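Heads up, the thing below is written out as structure tokens.
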Amino acid sequence: MMYGVPGMVAQRLMQLVPVMIVATFVVFSLVYMMPGDPAMMIAGDYATAERIAEIRHIYGFDRPMLVQYFFWLGNAVQGDLGHSLFSNESVLRLILARLPHTVLLVLYALVLGAVFGIPLGILAATRQGTTLDKVITSIASLGVAVPSFWLGIILVTLFSLGYRWFPATGAVSVFEKPLESIYYATLPAIALSTSVVAVLARQVRSALLEVLGSQYIRTLRAKGLSSGAILWKHGLRNVAATMLTIAGLQVNRLFSSAVIIEAVFAIPGVGNLISYSALNKDFPVVQGVALVLVLVVILTNLLVDVLNATFDPRVAASA
């Protein structure tokens, strides 16, 4: 039996398979029940009933849903995610071509959220009850409430159409032109990061106030330890696990929110791909993207658990 961090990782990896099966089955069922017939879309407006029936048979749409799902799952296990019903391109190739745009956007938004949210939370906690604390708390509440797509439209209107500081739409490959890709992703990342800043600021403030109000912190103050040393050596170290957990949860939320932001800024990411494919009932593409996103979420949670266990061995022991 493995203990500690390796045992926790092994346990999480064992949970990977059933979670992915359940998630992909739910997505497949929802797409299957959507109105519309992909065979009719493929055949065209003037296709005969015989031609539509032939297409249904070719693509397996005339089979029961469970048969279709397990046929797809069997191919996915072998690394074959199928081909798009409309472009006939490899689903895996479509995802790999678009995934870097979404990953860059999510990571950029997460970095912005951490850079601004964590210091604001620390500042509010160390100035509890002051006007500054109330202002930061109010701004954080507003940041949670403001829709990211609305903020994105405002940013485009001001800084793209108005001042022309940033491009309004599009994206550049991070592998070909890294700096230009960051420049193109700035406005959508800001729109996406607002709620991250707000959530991190509120959670860090709450966690830090709890730590600073604990008995052992009062003991340290009584021994004459300075406020700065207490904050940096003891306070922030104890809220590190909270910050990591919140950041991991925000990554999962950012991937779902990226669907709307990519539509607003016309970014060719996986969010745009899955929304377009779902509308056209392109089953292989929707399932392929869902599989990749579920894998990203699970691996993100695993990484957060490993980092938490590194900071606090009790996490691995409890797992």
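Following the order of the structure tokens, chains are lettered A, B, ..., residues in each are numbered from 1, and ligands are numbered from 1.
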
> Val174 in chain A: which residues within 8 Å, counting only C-alpha atoms, same-chain residues fewer than 6 positions away excluded, as an NGL selection string?
Replying inline: :A and (100-101 or 104 or 180-182)

>> Set the distance at 6 Å and use only C-alpha atoms: which residues neighbour range 111-115 of chain A once local chain neighbours fewer than 6 positions away are removed? I'd like the list as a list in words.
In response: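 Selected residues are Ser193, Val196 and Val197 of chain A.
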
Could those selected residues go to a file with C-alpha atoms, as an mmCIF file, in the first residue's frame?
```cif
data_model
loop_
_atom_site.group_PDB
_atom_site.id
_atom_site.type_symbol
_atom_site.label_atom_id
_atom_site.label_comp_id
_atom_site.auth_asym_id
_atom_site.auth_seq_id
_atom_site.Cartn_x
_atom_site.Cartn_y
_atom_site.Cartn_z
ATOM 1 C CA SER A 193 -10.288 37.505 -14.679
ATOM 2 C CA VAL A 196 -11.302 35.557 -10.193
ATOM 3 C CA VAL A 197 -9.935 38.759 -8.640
#
```

> Using only C-alpha atoms, which of A:Ala290, A:Ile118, A:Leu192, A:Ile274 sits nearest Ala207 in chain A?
Replying inline: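 Of the candidates, the smallest distance to Ala207 in chain A is held by A:Ile118.
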
>> Considering only alpha helix (DSSP H) as DSSP defines it on the backbone, what residues of range 22-229 of chain A qualify? List them as a PyMOL selection string.
In response: chain A and resi 22-33+38-43+49-59+65-77+91-126+131-145+148-155+178-212+215-222+227-229

Please produce, as a Markdown table, a per-residue contact table for range 256-312 of chain A versus range 63-84 of chain A (criterion: any atom at most 10 Å away, only C-alpha atoms considered), showing the nearest atom pair and its distance in Å to one decimal, sorted by chain then residue number.
```
| residue | atom | partner | partner_atom | distance |
| --- | --- | --- | --- | --- |
| A:Ser277 | CA | A:Ser84 | CA | 8.8 |
| A:Asp282 | CA | A:Ser84 | CA | 6.5 |
| A:Phe283 | CA | A:Ser84 | CA | 7.9 |
| A:Pro284 | CA | A:Gly82 | CA | 5.9 |
| A:Val285 | CA | A:Ser84 | CA | 5.9 |
| A:Val286 | CA | A:Ser84 | CA | 9.4 |
| A:Gln287 | CA | A:Leu81 | CA | 8.0 |
| A:Gly288 | CA | A:Leu81 | CA | 5.9 |
| A:Val289 | CA | A:Leu81 | CA | 9.5 |
| A:Leu291 | CA | A:Ala76 | CA | 9.1 |
```

Could you write out the selected residues, including N, CA and C atoms, as a compact mmCIF listing (two decimals), in the first residue's frame?
```
# COMPACT_ATOMS: atom_id res chain seq x y z
N SER A 277 -20.22 23.19 -32.56
CA SER A 277 -20.48 21.78 -32.84
C SER A 277 -21.77 21.31 -32.17
N ASP A 282 -22.77 17.97 -34.01
CA ASP A 282 -21.57 17.27 -34.47
C ASP A 282 -21.05 16.44 -33.29
N PHE A 283 -21.64 15.24 -33.12
CA PHE A 283 -21.38 14.42 -31.95
C PHE A 283 -19.90 14.16 -31.68
N PRO A 284 -19.13 13.73 -32.67
CA PRO A 284 -17.72 13.41 -32.38
C PRO A 284 -16.93 14.58 -31.83
N VAL A 285 -17.17 15.79 -32.37
CA VAL A 285 -16.43 16.96 -31.90
C VAL A 285 -16.85 17.32 -30.48
N VAL A 286 -18.15 17.33 -30.20
CA VAL A 286 -18.63 17.66 -28.86
C VAL A 286 -18.09 16.67 -27.84
N GLN A 287 -18.12 15.40 -28.16
CA GLN A 287 -17.63 14.39 -27.24
C GLN A 287 -16.13 14.50 -27.03
N GLY A 288 -15.40 14.78 -28.11
CA GLY A 288 -13.96 14.92 -28.00
C GLY A 288 -13.56 16.09 -27.13
N VAL A 289 -14.21 17.23 -27.32
CA VAL A 289 -13.91 18.41 -26.50
C VAL A 289 -14.30 18.16 -25.05
N LEU A 291 -14.38 15.33 -23.49
CA LEU A 291 -13.40 14.41 -22.92
C LEU A 291 -12.13 15.16 -22.51
```

Write out as a short mmCIF file (atom, residue, chain, number, x, y, z; two decimals) with C-alpha atoms, in the first residue's frame which residues come within 9 Å of Gly170 in chain A when counting only C-alpha atoms, dropping same-chain ones fewer than 2 positions away.
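Okay, this is what ended up in around-v6.cif:
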```cif
data_model
loop_
_atom_site.label_atom_id
_atom_site.label_comp_id
_atom_site.auth_asym_id
_atom_site.auth_seq_id
_atom_site.Cartn_x
_atom_site.Cartn_y
_atom_site.Cartn_z
CA PRO A 167 -7.47 44.27 -31.23
CA ALA A 168 -11.19 43.65 -30.93
CA VAL A 172 -2.39 34.56 -32.64
CA TYR A 184 -4.31 39.69 -28.46
CA ALA A 185 -5.44 37.83 -25.32
CA PHE A 265 -13.85 38.17 -29.03
CA ALA A 266 -14.07 35.63 -31.90
CA ILE A 267 -11.23 33.54 -30.48
CA PRO A 268 -10.82 30.19 -32.27
#
```

> Could you name the residues that touch Phe166 in chain A at 10 Å or less, counting only C-alpha atoms, but leaving out those on the same chain fewer than 5 positions away, as number ranges by chain?
Replying inline: A: 155-156, 158-161, 183-187

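The closest residue to Leu249 in chain A, picked from A:Val297, A:Asn88, A:Ala53, A:Leu16 and counting only C-alpha atoms, is A:Val297.
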
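Proximity to Thr242 in chain A at 9 Å, evaluated using only C-alpha atoms and with sequence-adjacent residues fewer than 6 positions away removed, yields A:Gln203, A:Val204, A:Ala207, A:Asn308.
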
>> I'd like to know which of A:Leu110, A:Ile154, A:Ala198, A:Val91 is closest to Ile139 in chain A, using only C-alpha atoms.
In response: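 Closest candidate: A:Ala198.
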
> For Thr194 in chain A, which residue among A:Trp165, A:Trp150, A:Phe175, A:Phe61 is the nearest when counting only C-alpha atoms?
Replying inline: A:Trp150

>> Applying 7 Å and only C-alpha atoms, which residues near Ile261 in chain A remain after dropping the ones on its own chain fewer than 3 positions away? List them as a list in words.
In response: Phe149, Pro188, Ser257, Ala258, Val264 and Phe265 of chain A

> Any idea what the distance is between CA of Met20 in chain A and CA of Ala241 in chain A?
Replying inline: 26.2 Å

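Of the residues under consideration (A:Ala189, A:Leu209, A:Val296, A:Ala23), A:Leu209 shows the shortest atom-to-atom contact distance to Ala125 in chain A when counting only C-alpha atoms.
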
> Of the candidates A:Thr157, A:Thr169, A:Thr24, A:Ser206, which one gets nearest to Thr137 in chain A if we count only C-alpha atoms?
Replying inline: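 Looking at the shortest contact to Thr137 in chain A, the residue is A:Ser206.
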
> Leaving out Met41 in chain A and any residue of its chain fewer than 4 positions from it, which residues lie within 10 Å of it when counting only C-alpha atoms, given as a VMD selection string?
Replying inline: chain A and resid 36 to 37 45 47 52 85 to 86 280 to 282

Dump C-alpha atoms for the selected residues as a compact mmCIF listing (two decimals), in the first residue's frame?
```txt
# COMPACT_ATOMS: atom_id res chain seq x y z
CA GLY A 36 -32.57 18.48 -34.95
CA ASP A 37 -31.23 15.67 -37.10
CA ASP A 45 -32.15 20.88 -47.62
CA ALA A 47 -32.12 15.54 -49.94
CA ILE A 52 -31.21 10.82 -45.29
CA LEU A 85 -19.44 15.07 -39.41
CA PHE A 86 -19.25 18.26 -41.48
CA ASN A 280 -24.89 21.47 -35.42
CA LYS A 281 -25.10 18.21 -33.43
CA ASP A 282 -21.57 17.27 -34.47
```
